[in-house]
Amino acid sequence: MADVAREAGVSISTVSHVLNETRPVSPDTRQRVLDAMASTRFRRNALATALVTSRTHAIGLSISALQNPYFANLVHAIEKRASARGYSLVMGDSHDDEEVEGTLLGTLLDRRVDGMIIAPAPHSETANLPRVLNDGTPVVLIDRHADVDCDQVAPDNLEPTQLITSHLIERGHTYIAAVTGLPGIQSTAERIQGFEAAIAAGGPSLKSKMVAGNSKAKDAYRAVTKLFGNNASRPTALVVLNNAMTIGSMQALKDLGLTVPGDVALACYDDFEWADVFEPQLTAIEQDVKTMGRTAVDLLIDRIDGKAGPRKVLRTKTIYHHRNSCGCTD
């Protein structure tokens, strides 16, 4: 900083104000400082800054299944917003495993991140989240709500699932199955509630069944193969409750020689960027990952800065894409 100050012809405190934006500096002086930083190849010592300010300007992110396009898009939205707000991202994959998540959250605490965005693993609200919250680290939960006292941002799960299930009922299907996601997380429970609500509203003549796909393509493949392998009593419609399971379910139906929607009508929660070029095109619920990621980052930084006020539990809207895997032609 002393070298920069000499080069720019200003005091060291002026260089500090430009770096940290702690006081207004005239545009001409600011530019001289920036030019001097470039000519002297000055780089801020992040560790030293953190020691002085007790801020690392880093956000920890604990999220699952990074290979899933949905989560990859969500990470991109979070990183883009964090960068725009002057924060870097320290990220790890919890693999939706309680022990892995516990280790990851401990590592993020050790790195002294200013706050964390967490997509909680199963049972995290009793196993891991209390430790982070008791530490005093600001936390925002994303994608999945949990029964803990912190800011949370997640999509609407119940009504969209009820919507696509009701649509299949309106199409005349009387035996509808659902492939359910990972147990122990709120989004799975809410989507099951939506499916059950639609079935209950459809009347006593409806038959339904739920099979466990555990939010994985291979588990969904096995479950759907077993369910539809019995030609005598198979459902005529299928609701799949996340995108990875949709891939596994469609592969299973194909391997069984069943067509969608000819033999089995299908609607799913989670959209794909390429869902409208599938054959058939998928009737699907799309989550607004950009809004979710942006909202979570803004909530967290407001909480870090002490500006957030009472905790917020927010729901982002979803988008219904009515295509033809459900059997509709228009």
# chains A, B, ... in the order shown; residues from 1 in each chain; ligands from 1
call {"tool": "residues_around", "arguments": {"residues": "region 296-311 of chain A", "least_positions_apart": "4", "cutoff": "7 Å", "atoms": "only C-alpha atoms", "output": "list in words"}}
result
Ile78, Arg81, Ala82, Asp114, Gly115, Pro138, Val139, Val140, Ile142, Cys150, Asp151, Val153 and Met292 of chain A
call {"tool": "write_last_selection", "arguments": {"atoms": "C-alpha atoms", "output": "tab-separated table (two decimals), in the first residue's frame"}}
result
chain	number	residue	atom	x	y	z
A	78	ILE	CA	-25.65	-18.19	-6.50
A	81	ARG	CA	-25.00	-12.97	-7.57
A	82	ALA	CA	-22.33	-13.42	-4.90
A	114	ASP	CA	-18.99	-14.74	6.59
A	115	GLY	CA	-22.15	-16.77	6.09
A	138	PRO	CA	-25.55	-16.25	9.34
A	139	VAL	CA	-27.33	-19.00	7.40
A	140	VAL	CA	-29.84	-19.12	4.57
A	142	ILE	CA	-32.04	-22.93	-0.08
A	150	CYS	CA	-32.99	-18.94	10.02
A	151	ASP	CA	-33.77	-17.37	6.65
A	153	VAL	CA	-35.78	-19.75	0.30
A	292	MET	CA	-33.95	-18.51	-5.81
call {"tool": "select_by_dssp", "arguments": {"residues": "region 139-308 of chain A", "states": "helix (DSSP H, G or I)", "output": "VMD selection string"}}
result
chain A and resid 158 to 170 186 to 201 217 to 228 231 to 233 243 to 255 275 to 277 289 to 304
call {"tool": "residues_around", "arguments": {"residues": "Met116 (chain A)", "least_positions_apart": "5", "cutoff": "6 Å", "atoms": "only C-alpha atoms", "output": "list of chain:residue names"}}
result
A:Ile59, A:Gly60, A:Leu61, A:Val139
call {"tool": "write_last_selection", "arguments": {"atoms": "N, CA and C atoms", "output": "PDB file, in the first residue's frame"}}
result
ATOM      1  N   ILE A  59     -18.572 -16.635   1.029  1.00  0.00           N
ATOM      2  CA  ILE A  59     -19.812 -17.311   1.387  1.00  0.00           C
ATOM      3  C   ILE A  59     -19.598 -18.809   1.229  1.00  0.00           C
ATOM      4  N   GLY A  60     -19.951 -19.568   2.246  1.00  0.00           N
ATOM      5  CA  GLY A  60     -19.889 -21.023   2.161  1.00  0.00           C
ATOM      6  C   GLY A  60     -21.162 -21.575   1.553  1.00  0.00           C
ATOM      7  N   LEU A  61     -21.034 -22.568   0.691  1.00  0.00           N
ATOM      8  CA  LEU A  61     -22.191 -23.194   0.059  1.00  0.00           C
ATOM      9  C   LEU A  61     -22.106 -24.705   0.248  1.00  0.00           C
ATOM     10  N   VAL A 139     -26.995 -17.853   8.254  1.00  0.00           N
ATOM     11  CA  VAL A 139     -27.333 -18.995   7.397  1.00  0.00           C
ATOM     12  C   VAL A 139     -28.611 -18.700   6.631  1.00  0.00           C
TER      13      VAL A 139
END
call {"tool": "closest_atom_pairs", "arguments": {"of": "region 236-275 of chain A", "to": "region 166-180 of chain A", "cutoff": "12 Å", "atoms": "only C-alpha atoms", "output": "tab-separated table"}}
result
residue	atom	partner	partner_atom	distance
A:Thr236	CA	A:Tyr175	CA	6.0
A:Ala237	CA	A:Ile176	CA	4.8
A:Leu238	CA	A:Ala177	CA	4.9
A:Val239	CA	A:Ala178	CA	4.6
A:Val240	CA	A:Val179	CA	4.8
A:Leu241	CA	A:Thr180	CA	5.6
A:Asn242	CA	A:Thr180	CA	8.0
A:Asn243	CA	A:Val179	CA	10.9
A:Ala244	CA	A:Val179	CA	10.9
A:Met245	CA	A:Val179	CA	7.4
A:Thr246	CA	A:Val179	CA	8.6
A:Ile247	CA	A:Val179	CA	11.6
A:Gly248	CA	A:Val179	CA	10.3
A:Ser249	CA	A:Val179	CA	8.3
A:Met250	CA	A:Val179	CA	11.5
A:Pro261	CA	A:Leu168	CA	11.2
A:Asp263	CA	A:His173	CA	11.6
A:Val264	CA	A:Ile176	CA	9.6
A:Ala265	CA	A:Leu168	CA	7.6
A:Leu266	CA	A:Leu168	CA	8.2
A:Ala267	CA	A:Leu168	CA	8.0
A:Cys268	CA	A:Ala178	CA	9.4
A:Tyr269	CA	A:Thr180	CA	10.4
call {"tool": "residues_around", "arguments": {"residues": "Leu163 (chain A)", "least_positions_apart": "4", "cutoff": "10 Å", "atoms": "only C-alpha atoms", "output": "mmCIF file with C-alpha atoms, in the first residue's frame"}}
result
data_model
loop_
_atom_site.group_PDB
_atom_site.id
_atom_site.type_symbol
_atom_site.label_atom_id
_atom_site.label_comp_id
_atom_site.auth_asym_id
_atom_site.auth_seq_id
_atom_site.Cartn_x
_atom_site.Cartn_y
_atom_site.Cartn_z
ATOM 1 C CA LEU A 158 -47.236 -28.834 -2.890
ATOM 2 C CA GLU A 159 -49.499 -26.931 -5.283
ATOM 3 C CA HIS A 167 -54.283 -32.798 -14.796
ATOM 4 C CA LEU A 168 -53.726 -36.527 -15.254
ATOM 5 C CA ILE A 169 -56.944 -37.239 -13.340
ATOM 6 C CA GLY A 194 -49.444 -32.490 -3.276
ATOM 7 C CA PHE A 195 -49.823 -35.852 -4.965
ATOM 8 C CA ALA A 197 -54.151 -34.083 -2.093
ATOM 9 C CA ALA A 198 -54.937 -34.453 -5.797
ATOM 10 C CA ILE A 285 -42.911 -27.960 -13.437
ATOM 11 C CA TYR A 320 -46.063 -25.006 -15.489
#
call {"tool": "atom_distance", "arguments": {"atom1": "CA of Asn157 (chain A)", "atom2": "CA of Arg191 (chain A)"}}
result
5.3 Å
call {"tool": "residues_around", "arguments": {"residues": "region 30-40 of chain A", "least_positions_apart": "6", "cutoff": "8 Å", "atoms": "only C-alpha atoms", "output": "list of chain:residue names"}}
result
A:Asp3, A:Val4, A:Ala5, A:Glu7, A:Ala8, A:Val10, A:Val15, A:Val18
call {"tool": "write_last_selection", "arguments": {"atoms": "N, CA, C and O atoms", "output": "PDB file, in the first residue's frame"}}
result
ATOM      1  N   ASP A   3       3.779   1.540  -1.454  1.00  0.00           N
ATOM      2  CA  ASP A   3       4.242   1.715  -2.837  1.00  0.00           C
ATOM      3  C   ASP A   3       3.168   2.358  -3.695  1.00  0.00           C
ATOM      4  O   ASP A   3       3.439   3.242  -4.515  1.00  0.00           O
ATOM      5  N   VAL A   4       1.915   1.898  -3.525  1.00  0.00           N
ATOM      6  CA  VAL A   4       0.795   2.463  -4.285  1.00  0.00           C
ATOM      7  C   VAL A   4       0.616   3.930  -3.937  1.00  0.00           C
ATOM      8  O   VAL A   4       0.405   4.782  -4.821  1.00  0.00           O
ATOM      9  N   ALA A   5       0.688   4.249  -2.634  1.00  0.00           N
ATOM     10  CA  ALA A   5       0.507   5.637  -2.194  1.00  0.00           C
ATOM     11  C   ALA A   5       1.577   6.545  -2.803  1.00  0.00           C
ATOM     12  O   ALA A   5       1.279   7.659  -3.262  1.00  0.00           O
ATOM     13  N   GLU A   7       3.305   6.022  -5.585  1.00  0.00           N
ATOM     14  CA  GLU A   7       3.081   6.089  -7.032  1.00  0.00           C
ATOM     15  C   GLU A   7       1.956   7.052  -7.376  1.00  0.00           C
ATOM     16  O   GLU A   7       2.017   7.796  -8.361  1.00  0.00           O
ATOM     17  N   ALA A   8       0.897   7.039  -6.558  1.00  0.00           N
ATOM     18  CA  ALA A   8      -0.286   7.867  -6.837  1.00  0.00           C
ATOM     19  C   ALA A   8      -0.163   9.269  -6.261  1.00  0.00           C
ATOM     20  O   ALA A   8      -0.976  10.149  -6.594  1.00  0.00           O
ATOM     21  N   VAL A  10      -0.557  10.034  -2.998  1.00  0.00           N
ATOM     22  CA  VAL A  10      -1.600  10.187  -1.986  1.00  0.00           C
ATOM     23  C   VAL A  10      -1.124   9.527  -0.693  1.00  0.00           C
ATOM     24  O   VAL A  10      -0.061   8.900  -0.648  1.00  0.00           O
ATOM     25  N   VAL A  15      -5.404   5.303  -0.011  1.00  0.00           N
ATOM     26  CA  VAL A  15      -5.389   4.001  -0.686  1.00  0.00           C
ATOM     27  C   VAL A  15      -6.333   3.041   0.025  1.00  0.00           C
ATOM     28  O   VAL A  15      -7.103   2.315  -0.608  1.00  0.00           O
ATOM     29  N   VAL A  18      -9.941   3.787  -0.827  1.00  0.00           N
ATOM     30  CA  VAL A  18     -10.294   3.310  -2.166  1.00  0.00           C
ATOM     31  C   VAL A  18     -10.521   1.793  -2.145  1.00  0.00           C
ATOM     32  O   VAL A  18     -11.478   1.279  -2.718  1.00  0.00           O
TER      33      VAL A  18
END
call {"tool": "closest_residue", "arguments": {"among": "A:Asp147, A:Ala201, A:Thr283, A:Leu89", "to": "Ala77 (chain A)", "atoms": "only C-alpha atoms"}}
result
A:Leu89
call {"tool": "atom_distance", "arguments": {"atom1": "CA of Phe228 (chain A)", "atom2": "CA of Pro69 (chain A)"}}
result
27.1 Å
call {"tool": "residues_around", "arguments": {"residues": "Glu79 (chain A)", "least_positions_apart": "4", "cutoff": "10 Å", "atoms": "only C-alpha atoms", "output": "count of residues only"}}
result
16
call {"tool": "select_by_dssp", "arguments": {"residues": "region 69-293 of chain A", "states": "strand (DSSP E or B)", "output": "PyMOL selection string"}}
result
chain A and resi 88-93+115-118+139-142+151-155+175-180+207-212+237-240+265-269+283-287
call {"tool": "closest_residue", "arguments": {"among": "A:Cys328, A:Met210, A:Leu141, A:Ile63", "to": "Val260 (chain A)", "atoms": "only C-alpha atoms"}}
result
A:Cys328
call {"tool": "closest_residue", "arguments": {"among": "A:Ile185, A:Ala217, A:Leu227, A:Val100", "to": "Gln67 (chain A)", "atoms": "only C-alpha atoms"}}
result
A:Ala217
call {"tool": "residues_around", "arguments": {"residues": "Gly229 (chain A)", "least_positions_apart": "4", "cutoff": "10 Å", "atoms": "only C-alpha atoms", "output": "PDB file with N, CA, C and O atoms, in the first residue's frame"}}
result
ATOM      1  N   ALA A 223     -37.428 -48.972  -9.487  1.00  0.00           N
ATOM      2  CA  ALA A 223     -38.793 -48.909  -8.960  1.00  0.00           C
ATOM      3  C   ALA A 223     -39.832 -48.966 -10.075  1.00  0.00           C
ATOM      4  O   ALA A 223     -40.851 -49.674  -9.966  1.00  0.00           O
ATOM      5  N   VAL A 224     -39.598 -48.238 -11.159  1.00  0.00           N
ATOM      6  CA  VAL A 224     -40.558 -48.209 -12.267  1.00  0.00           C
ATOM      7  C   VAL A 224     -40.558 -49.548 -13.009  1.00  0.00           C
ATOM      8  O   VAL A 224     -41.605 -50.036 -13.431  1.00  0.00           O
ATOM      9  N   THR A 225     -39.396 -50.155 -13.152  1.00  0.00           N
ATOM     10  CA  THR A 225     -39.326 -51.474 -13.802  1.00  0.00           C
ATOM     11  C   THR A 225     -40.161 -52.486 -13.038  1.00  0.00           C
ATOM     12  O   THR A 225     -40.921 -53.272 -13.634  1.00  0.00           O
ATOM     13  N   SER A 233     -51.706 -55.351 -13.864  1.00  0.00           N
ATOM     14  CA  SER A 233     -52.190 -54.330 -12.927  1.00  0.00           C
ATOM     15  C   SER A 233     -51.260 -53.129 -12.867  1.00  0.00           C
ATOM     16  O   SER A 233     -50.868 -52.693 -11.799  1.00  0.00           O
ATOM     17  N   ARG A 234     -50.919 -52.593 -14.019  1.00  0.00           N
ATOM     18  CA  ARG A 234     -49.998 -51.462 -13.995  1.00  0.00           C
ATOM     19  C   ARG A 234     -50.764 -50.138 -14.127  1.00  0.00           C
ATOM     20  O   ARG A 234     -51.846 -50.080 -14.745  1.00  0.00           O
ATOM     21  N   ALA A 252     -36.679 -46.812 -17.962  1.00  0.00           N
ATOM     22  CA  ALA A 252     -37.318 -48.064 -17.553  1.00  0.00           C
ATOM     23  C   ALA A 252     -38.522 -48.379 -18.436  1.00  0.00           C
ATOM     24  O   ALA A 252     -38.700 -49.525 -18.880  1.00  0.00           O
ATOM     25  N   LEU A 253     -39.353 -47.376 -18.685  1.00  0.00           N
ATOM     26  CA  LEU A 253     -40.530 -47.588 -19.538  1.00  0.00           C
ATOM     27  C   LEU A 253     -40.109 -48.002 -20.949  1.00  0.00           C
ATOM     28  O   LEU A 253     -40.701 -48.901 -21.553  1.00  0.00           O
ATOM     29  N   LEU A 256     -39.020 -51.563 -21.034  1.00  0.00           N
ATOM     30  CA  LEU A 256     -40.164 -52.467 -20.898  1.00  0.00           C
ATOM     31  C   LEU A 256     -41.014 -52.513 -22.176  1.00  0.00           C
ATOM     32  O   LEU A 256     -41.974 -53.271 -22.249  1.00  0.00           O
ATOM     33  N   LEU A 258     -42.747 -49.921 -23.286  1.00  0.00           N
ATOM     34  CA  LEU A 258     -43.921 -49.064 -23.100  1.00  0.00           C
ATOM     35  C   LEU A 258     -43.636 -47.666 -23.646  1.00  0.00           C
ATOM     36  O   LEU A 258     -42.529 -47.146 -23.498  1.00  0.00           O
TER      37      LEU A 258
END
call {"tool": "closest_residue", "arguments": {"among": "A:Leu108, A:Ala200, A:Ala212, A:Leu19", "to": "Thr165 (chain A)", "atoms": "only C-alpha atoms"}}
result
A:Ala200
call {"tool": "decode", "arguments": {"residues": "region 224-236 of chain A", "atoms": "all heavy atoms", "output": "PDB file, in the first residue's frame"}}
result
ATOM      1  N   VAL A 224     -39.598 -48.238 -11.159  1.00  0.00           N
ATOM      2  CA  VAL A 224     -40.558 -48.209 -12.267  1.00  0.00           C
ATOM      3  C   VAL A 224     -40.558 -49.548 -13.009  1.00  0.00           C
ATOM      4  O   VAL A 224     -41.605 -50.036 -13.431  1.00  0.00           O
ATOM      5  CB  VAL A 224     -40.250 -47.032 -13.212  1.00  0.00           C
ATOM      6  CG1 VAL A 224     -41.068 -47.117 -14.498  1.00  0.00           C
ATOM      7  CG2 VAL A 224     -40.517 -45.708 -12.501  1.00  0.00           C
ATOM      8  N   THR A 225     -39.396 -50.155 -13.152  1.00  0.00           N
ATOM      9  CA  THR A 225     -39.326 -51.474 -13.802  1.00  0.00           C
ATOM     10  C   THR A 225     -40.161 -52.486 -13.038  1.00  0.00           C
ATOM     11  O   THR A 225     -40.921 -53.272 -13.634  1.00  0.00           O
ATOM     12  CB  THR A 225     -37.862 -51.951 -13.878  1.00  0.00           C
ATOM     13  OG1 THR A 225     -37.116 -51.037 -14.682  1.00  0.00           O
ATOM     14  CG2 THR A 225     -37.778 -53.345 -14.486  1.00  0.00           C
ATOM     15  N   LYS A 226     -40.050 -52.473 -11.729  1.00  0.00           N
ATOM     16  CA  LYS A 226     -40.825 -53.407 -10.904  1.00  0.00           C
ATOM     17  C   LYS A 226     -42.311 -53.091 -10.961  1.00  0.00           C
ATOM     18  O   LYS A 226     -43.150 -53.988 -11.097  1.00  0.00           O
ATOM     19  CB  LYS A 226     -40.337 -53.350  -9.464  1.00  0.00           C
ATOM     20  CG  LYS A 226     -41.034 -54.320  -8.524  1.00  0.00           C
ATOM     21  CD  LYS A 226     -40.439 -54.261  -7.128  1.00  0.00           C
ATOM     22  CE  LYS A 226     -41.143 -55.236  -6.188  1.00  0.00           C
ATOM     23  NZ  LYS A 226     -40.568 -55.176  -4.804  1.00  0.00           N
ATOM     24  N   LEU A 227     -42.662 -51.820 -10.900  1.00  0.00           N
ATOM     25  CA  LEU A 227     -44.071 -51.417 -10.867  1.00  0.00           C
ATOM     26  C   LEU A 227     -44.784 -51.720 -12.176  1.00  0.00           C
ATOM     27  O   LEU A 227     -45.917 -52.209 -12.177  1.00  0.00           O
ATOM     28  CB  LEU A 227     -44.160 -49.916 -10.564  1.00  0.00           C
ATOM     29  CG  LEU A 227     -45.556 -49.290 -10.565  1.00  0.00           C
ATOM     30  CD1 LEU A 227     -46.434 -49.907  -9.482  1.00  0.00           C
ATOM     31  CD2 LEU A 227     -45.450 -47.771 -10.361  1.00  0.00           C
ATOM     32  N   PHE A 228     -44.116 -51.450 -13.301  1.00  0.00           N
ATOM     33  CA  PHE A 228     -44.778 -51.608 -14.597  1.00  0.00           C
ATOM     34  C   PHE A 228     -44.475 -52.945 -15.254  1.00  0.00           C
ATOM     35  O   PHE A 228     -44.969 -53.219 -16.351  1.00  0.00           O
ATOM     36  CB  PHE A 228     -44.370 -50.462 -15.528  1.00  0.00           C
ATOM     37  CG  PHE A 228     -45.040 -49.156 -15.214  1.00  0.00           C
ATOM     38  CD1 PHE A 228     -44.495 -48.299 -14.260  1.00  0.00           C
ATOM     39  CD2 PHE A 228     -46.215 -48.780 -15.838  1.00  0.00           C
ATOM     40  CE1 PHE A 228     -45.100 -47.092 -13.966  1.00  0.00           C
ATOM     41  CE2 PHE A 228     -46.832 -47.585 -15.551  1.00  0.00           C
ATOM     42  CZ  PHE A 228     -46.278 -46.723 -14.599  1.00  0.00           C
ATOM     43  N   GLY A 229     -43.698 -53.779 -14.586  1.00  0.00           N
ATOM     44  CA  GLY A 229     -43.396 -55.092 -15.167  1.00  0.00           C
ATOM     45  C   GLY A 229     -44.580 -56.045 -15.148  1.00  0.00           C
ATOM     46  O   GLY A 229     -44.616 -57.011 -15.913  1.00  0.00           O
ATOM     47  N   ASN A 230     -45.551 -55.766 -14.294  1.00  0.00           N
ATOM     48  CA  ASN A 230     -46.753 -56.607 -14.202  1.00  0.00           C
ATOM     49  C   ASN A 230     -47.819 -56.042 -15.128  1.00  0.00           C
ATOM     50  O   ASN A 230     -48.476 -55.051 -14.810  1.00  0.00           O
ATOM     51  CB  ASN A 230     -47.256 -56.641 -12.754  1.00  0.00           C
ATOM     52  CG  ASN A 230     -48.425 -57.594 -12.577  1.00  0.00           C
ATOM     53  OD1 ASN A 230     -49.018 -58.060 -13.538  1.00  0.00           O
ATOM     54  ND2 ASN A 230     -48.748 -57.880 -11.326  1.00  0.00           N
ATOM     55  N   ASN A 231     -47.993 -56.653 -16.279  1.00  0.00           N
ATOM     56  CA  ASN A 231     -48.932 -56.127 -17.272  1.00  0.00           C
ATOM     57  C   ASN A 231     -50.376 -56.142 -16.802  1.00  0.00           C
ATOM     58  O   ASN A 231     -51.203 -55.368 -17.275  1.00  0.00           O
ATOM     59  CB  ASN A 231     -48.827 -56.935 -18.574  1.00  0.00           C
ATOM     60  CG  ASN A 231     -47.493 -56.719 -19.266  1.00  0.00           C
ATOM     61  OD1 ASN A 231     -46.852 -55.696 -19.079  1.00  0.00           O
ATOM     62  ND2 ASN A 231     -47.062 -57.711 -20.048  1.00  0.00           N
ATOM     63  N   ALA A 232     -50.690 -57.010 -15.837  1.00  0.00           N
ATOM     64  CA  ALA A 232     -52.085 -57.172 -15.427  1.00  0.00           C
ATOM     65  C   ALA A 232     -52.589 -56.009 -14.580  1.00  0.00           C
ATOM     66  O   ALA A 232     -53.786 -55.727 -14.576  1.00  0.00           O
ATOM     67  CB  ALA A 232     -52.243 -58.483 -14.652  1.00  0.00           C
ATOM     68  N   SER A 233     -51.706 -55.351 -13.864  1.00  0.00           N
ATOM     69  CA  SER A 233     -52.190 -54.330 -12.927  1.00  0.00           C
ATOM     70  C   SER A 233     -51.260 -53.129 -12.867  1.00  0.00           C
ATOM     71  O   SER A 233     -50.868 -52.693 -11.799  1.00  0.00           O
ATOM     72  CB  SER A 233     -52.327 -54.932 -11.524  1.00  0.00           C
ATOM     73  OG  SER A 233     -51.075 -55.433 -11.084  1.00  0.00           O
ATOM     74  N   ARG A 234     -50.919 -52.593 -14.019  1.00  0.00           N
ATOM     75  CA  ARG A 234     -49.998 -51.462 -13.995  1.00  0.00           C
ATOM     76  C   ARG A 234     -50.764 -50.138 -14.127  1.00  0.00           C
ATOM     77  O   ARG A 234     -51.846 -50.080 -14.745  1.00  0.00           O
ATOM     78  CB  ARG A 234     -48.977 -51.589 -15.115  1.00  0.00           C
ATOM     79  CG  ARG A 234     -49.542 -51.477 -16.501  1.00  0.00           C
ATOM     80  CD  ARG A 234     -48.480 -51.823 -17.538  1.00  0.00           C
ATOM     81  NE  ARG A 234     -48.995 -51.678 -18.893  1.00  0.00           N
ATOM     82  CZ  ARG A 234     -48.550 -52.354 -19.935  1.00  0.00           C
ATOM     83  NH1 ARG A 234     -47.581 -53.251 -19.759  1.00  0.00           N
ATOM     84  NH2 ARG A 234     -49.054 -52.147 -21.139  1.00  0.00           N
ATOM     85  N   PRO A 235     -50.206 -49.054 -13.569  1.00  0.00           N
ATOM     86  CA  PRO A 235     -50.839 -47.738 -13.694  1.00  0.00           C
ATOM     87  C   PRO A 235     -50.850 -47.286 -15.151  1.00  0.00           C
ATOM     88  O   PRO A 235     -50.061 -47.752 -15.974  1.00  0.00           O
ATOM     89  CB  PRO A 235     -49.944 -46.836 -12.853  1.00  0.00           C
ATOM     90  CG  PRO A 235     -49.160 -47.759 -11.984  1.00  0.00           C
ATOM     91  CD  PRO A 235     -48.988 -49.021 -12.761  1.00  0.00           C
ATOM     92  N   THR A 236     -51.722 -46.329 -15.427  1.00  0.00           N
ATOM     93  CA  THR A 236     -51.763 -45.749 -16.770  1.00  0.00           C
ATOM     94  C   THR A 236     -51.147 -44.360 -16.806  1.00  0.00           C
ATOM     95  O   THR A 236     -51.013 -43.771 -17.880  1.00  0.00           O
ATOM     96  CB  THR A 236     -53.213 -45.652 -17.283  1.00  0.00           C
ATOM     97  OG1 THR A 236     -53.969 -44.830 -16.388  1.00  0.00           O
ATOM     98  CG2 THR A 236     -53.845 -47.050 -17.374  1.00  0.00           C
TER      99      THR A 236
END
